[in-house]
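Trainee: Here it is: the structure, laid out below.
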Amino acid sequence: MRKLYFLFLTTLINAISISTFAQCSITRTEIDSDIAYVAKSESIYKNEDLENGLLTAFFQLVVVQKGDNKDLLKFACIAKVLAGRPKSPLVPRQLVFLFDDNTEISLLAEDVNLSQPMTGINQNQCNYKFSSTVFLKFQSTKLKSITIKDNRLNEQIICQPFNGLIQEQAHCIANKL
C-alpha cells in the first residue's frame with residue numbers, strides 16, 4: 001500500500017510539474033533599454049513524405065517591452081521554414097491564422113531572412129509585427145490552423161498544430177511581463 005501511495009504521489013507531482021513548467025519556456029533578453037520576451041520555437045508542421053524531401057515549420061511569439069514601462073509593448077512573431085531537397089525553399093511571406101470561432105487574422109512579413117543553403121537544407125525566416133488586439137485574440141481563442149504562404153512561389157503549407165499553442169505562448173509571455 002505504501003509503495004502504491006508513493007507511486008501515485010510521484011506520478012501526480014510529475015504530471016503537475018510537466019503541465020505547469022514544461023509548457024512555458026520564455027527567454028527574457030535585454031537589448032539596450034528594451035526587454036524582449038521570446039517564446040520557445042515550436043514545431044507546427046512536419047511533412048510525412050520524407051522520400052520527397054524534408055519540409056518543416058516553426059513558430060514563436062515575441063513581445064518587446066520599452067524599458068520598465070509595461071504599457072509600451074511591441075508585439076511580433078517569427079515563422080521559420082526548413083526545406084531539404086527536392087522541396088522548394090518556401091519563404092513564409094504571409095501567415096493566416098484560422099481560429100476556433102472561424103475568424104481569420106492575416107499577417108504579412110515585415111522582415112525576410114533568407115539563408116544560404118547548408119548541406120542541402122534551406123532555412124527561411126520571416127518576422128511579423130501586429131497590434132495588441134491581435135495579441136489579445138491569440139490569448140483568448142484557440143487555433144484551427146495556420147497557413148504559411150509564399151505568394152512569389154504560389155505555394156502554401158497548412159499547419160494544424162496543437163490548438164492551444166499560440167494561446168499558451170501568449171499566456172506565458174503575459175505572465176512574465
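In the C-alpha cells, each chain is lettered A, B, ... as it comes, each chain's residues begin at 1, and ligands are numbered from 1 in order of appearance.
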Which residues in segment 55-161 of chain A does DSSP call alpha helix (DSSP H)? List them as a list in words.

Mentor: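 Reading the DSSP output for segment 55-161 of chain A, alpha helix (DSSP H) covers Ser132, Thr133, Val134, Phe135, Leu136, Lys137, Phe138, Gln139 and Ser140 of chain A.
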
Trainee: Write the residues of the preceding selection, restricted to N, CA and C atoms, as an mmCIF file, in the first residue's frame.

Mentor:
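out-v1.cif, freshly written:
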```
data_model
loop_
_atom_site.group_PDB
_atom_site.id
_atom_site.type_symbol
_atom_site.label_atom_id
_atom_site.label_comp_id
_atom_site.auth_asym_id
_atom_site.auth_seq_id
_atom_site.Cartn_x
_atom_site.Cartn_y
_atom_site.Cartn_z
ATOM 1 N N SER A 132 -1.800 45.003 -30.322
ATOM 2 C CA SER A 132 -2.197 44.392 -29.048
ATOM 3 C C SER A 132 -3.535 43.674 -29.191
ATOM 4 N N THR A 133 -4.388 44.139 -30.095
ATOM 5 C CA THR A 133 -5.678 43.480 -30.341
ATOM 6 C C THR A 133 -5.468 42.060 -30.852
ATOM 7 N N VAL A 134 -4.506 41.890 -31.749
ATOM 8 C CA VAL A 134 -4.187 40.554 -32.269
ATOM 9 C C VAL A 134 -3.619 39.686 -31.149
ATOM 10 N N PHE A 135 -2.745 40.271 -30.316
ATOM 11 C CA PHE A 135 -2.187 39.517 -29.187
ATOM 12 C C PHE A 135 -3.301 39.039 -28.254
ATOM 13 N N LEU A 136 -4.261 39.905 -27.971
ATOM 14 C CA LEU A 136 -5.392 39.519 -27.115
ATOM 15 C C LEU A 136 -6.216 38.407 -27.763
ATOM 16 N N LYS A 137 -6.339 38.434 -29.080
ATOM 17 C CA LYS A 137 -7.038 37.360 -29.803
ATOM 18 C C LYS A 137 -6.260 36.051 -29.646
ATOM 19 N N PHE A 138 -4.936 36.127 -29.773
ATOM 20 C CA PHE A 138 -4.099 34.942 -29.573
ATOM 21 C C PHE A 138 -4.282 34.376 -28.165
ATOM 22 N N GLN A 139 -4.412 35.270 -27.178
ATOM 23 C CA GLN A 139 -4.585 34.839 -25.787
ATOM 24 C C GLN A 139 -5.938 34.193 -25.540
ATOM 25 N N SER A 140 -6.961 34.661 -26.214
ATOM 26 C CA SER A 140 -8.322 34.266 -25.855
ATOM 27 C C SER A 140 -8.942 33.165 -26.713
#
```

Trainee: Between segment 47-151 of chain A and segment 26-31 of chain A, at 12 Å or less, what are the per-residue closest atom pairs and their distances in Å? Count only C-alpha atoms, order by chain and rising residue number, and return it as JSON lines.

Mentor:
```
{"residue": "A:Gln60", "atom": "CA", "partner": "A:Ile26", "partner_atom": "CA", "distance": 10.0}
{"residue": "A:Leu61", "atom": "CA", "partner": "A:Ile26", "partner_atom": "CA", "distance": 9.5}
{"residue": "A:Val62", "atom": "CA", "partner": "A:Ile26", "partner_atom": "CA", "distance": 9.3}
{"residue": "A:Val63", "atom": "CA", "partner": "A:Arg28", "partner_atom": "CA", "distance": 9.8}
{"residue": "A:Val64", "atom": "CA", "partner": "A:Thr29", "partner_atom": "CA", "distance": 9.3}
{"residue": "A:Gln65", "atom": "CA", "partner": "A:Glu30", "partner_atom": "CA", "distance": 9.5}
{"residue": "A:Lys66", "atom": "CA", "partner": "A:Ile31", "partner_atom": "CA", "distance": 9.8}
{"residue": "A:Gly67", "atom": "CA", "partner": "A:Glu30", "partner_atom": "CA", "distance": 9.0}
{"residue": "A:Asp68", "atom": "CA", "partner": "A:Glu30", "partner_atom": "CA", "distance": 11.0}
```

Trainee: Write out, as a PDB file, in the first residue's frame, the residues just selected, with N, CA and C atoms.

Mentor:
```pdb
ATOM      1  N   GLN A  60       7.013  31.134 -33.222  1.00  0.00           N
ATOM      2  CA  GLN A  60       7.187  31.650 -31.862  1.00  0.00           C
ATOM      3  C   GLN A  60       6.698  33.086 -31.764  1.00  0.00           C
ATOM      4  N   LEU A  61       6.162  33.415 -30.578  1.00  0.00           N
ATOM      5  CA  LEU A  61       5.700  34.777 -30.285  1.00  0.00           C
ATOM      6  C   LEU A  61       6.813  35.567 -29.618  1.00  0.00           C
ATOM      7  N   VAL A  62       6.787  36.886 -29.820  1.00  0.00           N
ATOM      8  CA  VAL A  62       7.763  37.794 -29.224  1.00  0.00           C
ATOM      9  C   VAL A  62       7.019  39.037 -28.742  1.00  0.00           C
ATOM     10  N   VAL A  63       7.362  39.500 -27.534  1.00  0.00           N
ATOM     11  CA  VAL A  63       6.845  40.782 -27.041  1.00  0.00           C
ATOM     12  C   VAL A  63       8.044  41.586 -26.553  1.00  0.00           C
ATOM     13  N   VAL A  64       8.138  42.840 -27.001  1.00  0.00           N
ATOM     14  CA  VAL A  64       9.223  43.724 -26.578  1.00  0.00           C
ATOM     15  C   VAL A  64       8.624  44.819 -25.710  1.00  0.00           C
ATOM     16  N   GLN A  65       9.197  44.961 -24.507  1.00  0.00           N
ATOM     17  CA  GLN A  65       8.746  45.972 -23.538  1.00  0.00           C
ATOM     18  C   GLN A  65       9.748  47.114 -23.545  1.00  0.00           C
ATOM     19  N   LYS A  66       9.267  48.340 -23.637  1.00  0.00           N
ATOM     20  CA  LYS A  66      10.128  49.521 -23.643  1.00  0.00           C
ATOM     21  C   LYS A  66      10.543  49.850 -22.214  1.00  0.00           C
ATOM     22  N   GLY A  67      11.768  49.512 -21.856  1.00  0.00           N
ATOM     23  CA  GLY A  67      12.271  49.764 -20.509  1.00  0.00           C
ATOM     24  C   GLY A  67      11.418  49.090 -19.453  1.00  0.00           C
ATOM     25  N   ASP A  68      11.130  49.815 -18.382  1.00  0.00           N
ATOM     26  CA  ASP A  68      10.302  49.274 -17.299  1.00  0.00           C
ATOM     27  C   ASP A  68       8.825  49.577 -17.490  1.00  0.00           C
TER      28      ASP A  68
END
```

Trainee: Nearest residue to Ile148 of chain A out of A:Leu95, A:Val38, A:Ile44, A:Cys172, using only C-alpha atoms?

Mentor: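 Among the listed residues, the smallest separation from Ile148 of chain A belongs to A:Leu95.
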
Trainee: As an exercise, work out the distance from atom CA of Ile78 of chain A to atom CA of Thr119 of chain A in Å and give it to one decimal place.

Mentor: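 Computed distance, atom CA of Ile78 of chain A to atom CA of Thr119 of chain A, equals 23.5 Å.
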
Trainee: Could you give me, as a PyMOL selection string, each residue of chain A that DSSP assigns to strand (DSSP E or B) when run on this structure's backbone?

Mentor: chain A and resi 26-31+34-39+42-46+55-66+73-84+94-99+104-108+111-114+118+121-130+143-150+155-159

Trainee: Those same residues - C-alpha atoms - I'd like them written as a compact mmCIF listing (two decimals), in the first residue's frame.

Mentor:
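What ended up in out.txt:
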```
# COMPACT_ATOMS: atom_id res chain seq x y z
CA ILE A 26 10.17 32.09 -22.29
CA THR A 27 13.56 33.73 -22.81
CA ARG A 28 13.98 37.23 -21.38
CA THR A 29 16.66 39.30 -23.13
CA GLU A 30 17.67 42.91 -22.50
CA ILE A 31 18.53 44.90 -25.62
CA ASP A 34 14.22 47.28 -24.06
CA ILE A 35 13.30 43.85 -22.74
CA ALA A 36 12.36 41.13 -25.23
CA TYR A 37 10.27 38.14 -24.16
CA VAL A 38 10.60 35.32 -26.69
CA ALA A 39 8.63 32.08 -26.55
CA GLU A 42 7.57 25.30 -31.54
CA SER A 43 7.28 22.91 -34.45
CA ILE A 44 3.97 23.46 -36.26
CA TYR A 45 4.47 21.31 -39.35
CA LYS A 46 6.48 18.28 -40.50
CA LEU A 55 9.74 20.28 -45.04
CA THR A 56 9.21 21.55 -41.51
CA ALA A 57 7.96 24.82 -39.99
CA PHE A 58 8.39 26.55 -36.62
CA PHE A 59 6.56 29.40 -34.87
CA GLN A 60 7.19 31.65 -31.86
CA LEU A 61 5.70 34.78 -30.28
CA VAL A 62 7.76 37.79 -29.22
CA VAL A 63 6.85 40.78 -27.04
CA VAL A 64 9.22 43.72 -26.58
CA GLN A 65 8.75 45.97 -23.54
CA LYS A 66 10.13 49.52 -23.64
CA LEU A 73 4.76 46.97 -25.72
CA LYS A 74 5.51 45.84 -29.27
CA PHE A 75 4.12 42.52 -30.50
CA ALA A 76 5.65 40.22 -33.09
CA CYS A 77 6.06 36.62 -34.14
CA ILE A 78 8.59 34.59 -36.10
CA ALA A 79 7.93 31.83 -38.62
CA LYS A 80 10.74 29.65 -39.93
CA VAL A 81 10.60 27.03 -42.70
CA LEU A 82 13.30 24.41 -43.28
CA ALA A 83 13.27 22.63 -46.63
CA GLY A 84 15.53 19.83 -47.76
CA GLN A 94 2.33 35.54 -45.09
CA LEU A 95 0.67 33.79 -42.14
CA VAL A 96 -3.07 33.20 -41.98
CA PHE A 97 -4.44 32.13 -38.60
CA LEU A 98 -7.84 30.42 -38.56
CA PHE A 99 -9.37 30.29 -35.07
CA GLU A 104 -9.10 34.81 -39.52
CA ILE A 105 -6.08 37.00 -38.97
CA SER A 106 -3.58 37.52 -41.78
CA LEU A 107 -0.07 38.85 -41.19
CA LEU A 108 2.41 39.93 -43.88
CA ASP A 111 11.46 41.25 -42.46
CA VAL A 112 12.68 38.32 -44.54
CA ASN A 113 15.83 36.42 -43.59
CA LEU A 114 16.88 34.07 -46.38
CA MET A 118 23.70 24.39 -45.94
CA ILE A 121 18.78 22.40 -46.39
CA ASN A 122 17.31 25.88 -46.89
CA GLN A 123 16.20 27.85 -43.84
CA ASN A 124 13.95 30.85 -44.41
CA GLN A 125 12.63 33.03 -41.60
CA CYS A 126 10.20 35.94 -41.57
CA ASN A 127 9.25 38.35 -38.80
CA TYR A 128 5.77 39.80 -38.40
CA LYS A 129 4.54 42.74 -36.30
CA PHE A 130 0.99 43.04 -35.03
CA LEU A 143 -6.45 27.77 -33.31
CA LYS A 144 -7.81 25.59 -36.06
CA SER A 145 -4.88 26.10 -38.41
CA ILE A 146 -2.00 28.28 -39.52
CA THR A 147 -1.42 28.65 -43.25
CA ILE A 148 2.07 29.65 -44.30
CA LYS A 149 2.08 31.24 -47.74
CA ASP A 150 4.80 32.13 -50.20
CA GLU A 155 2.88 27.68 -52.55
CA GLN A 156 1.49 27.19 -49.07
CA ILE A 157 1.63 24.84 -46.11
CA ILE A 158 -1.47 24.29 -43.99
CA CYS A 159 -0.34 23.56 -40.43
```

Trainee: Take atom CA of Lys142 of chain A and atom CA of Gln167 of chain A and report the distance between them in Å, one decimal.

Mentor: 6.3 Å
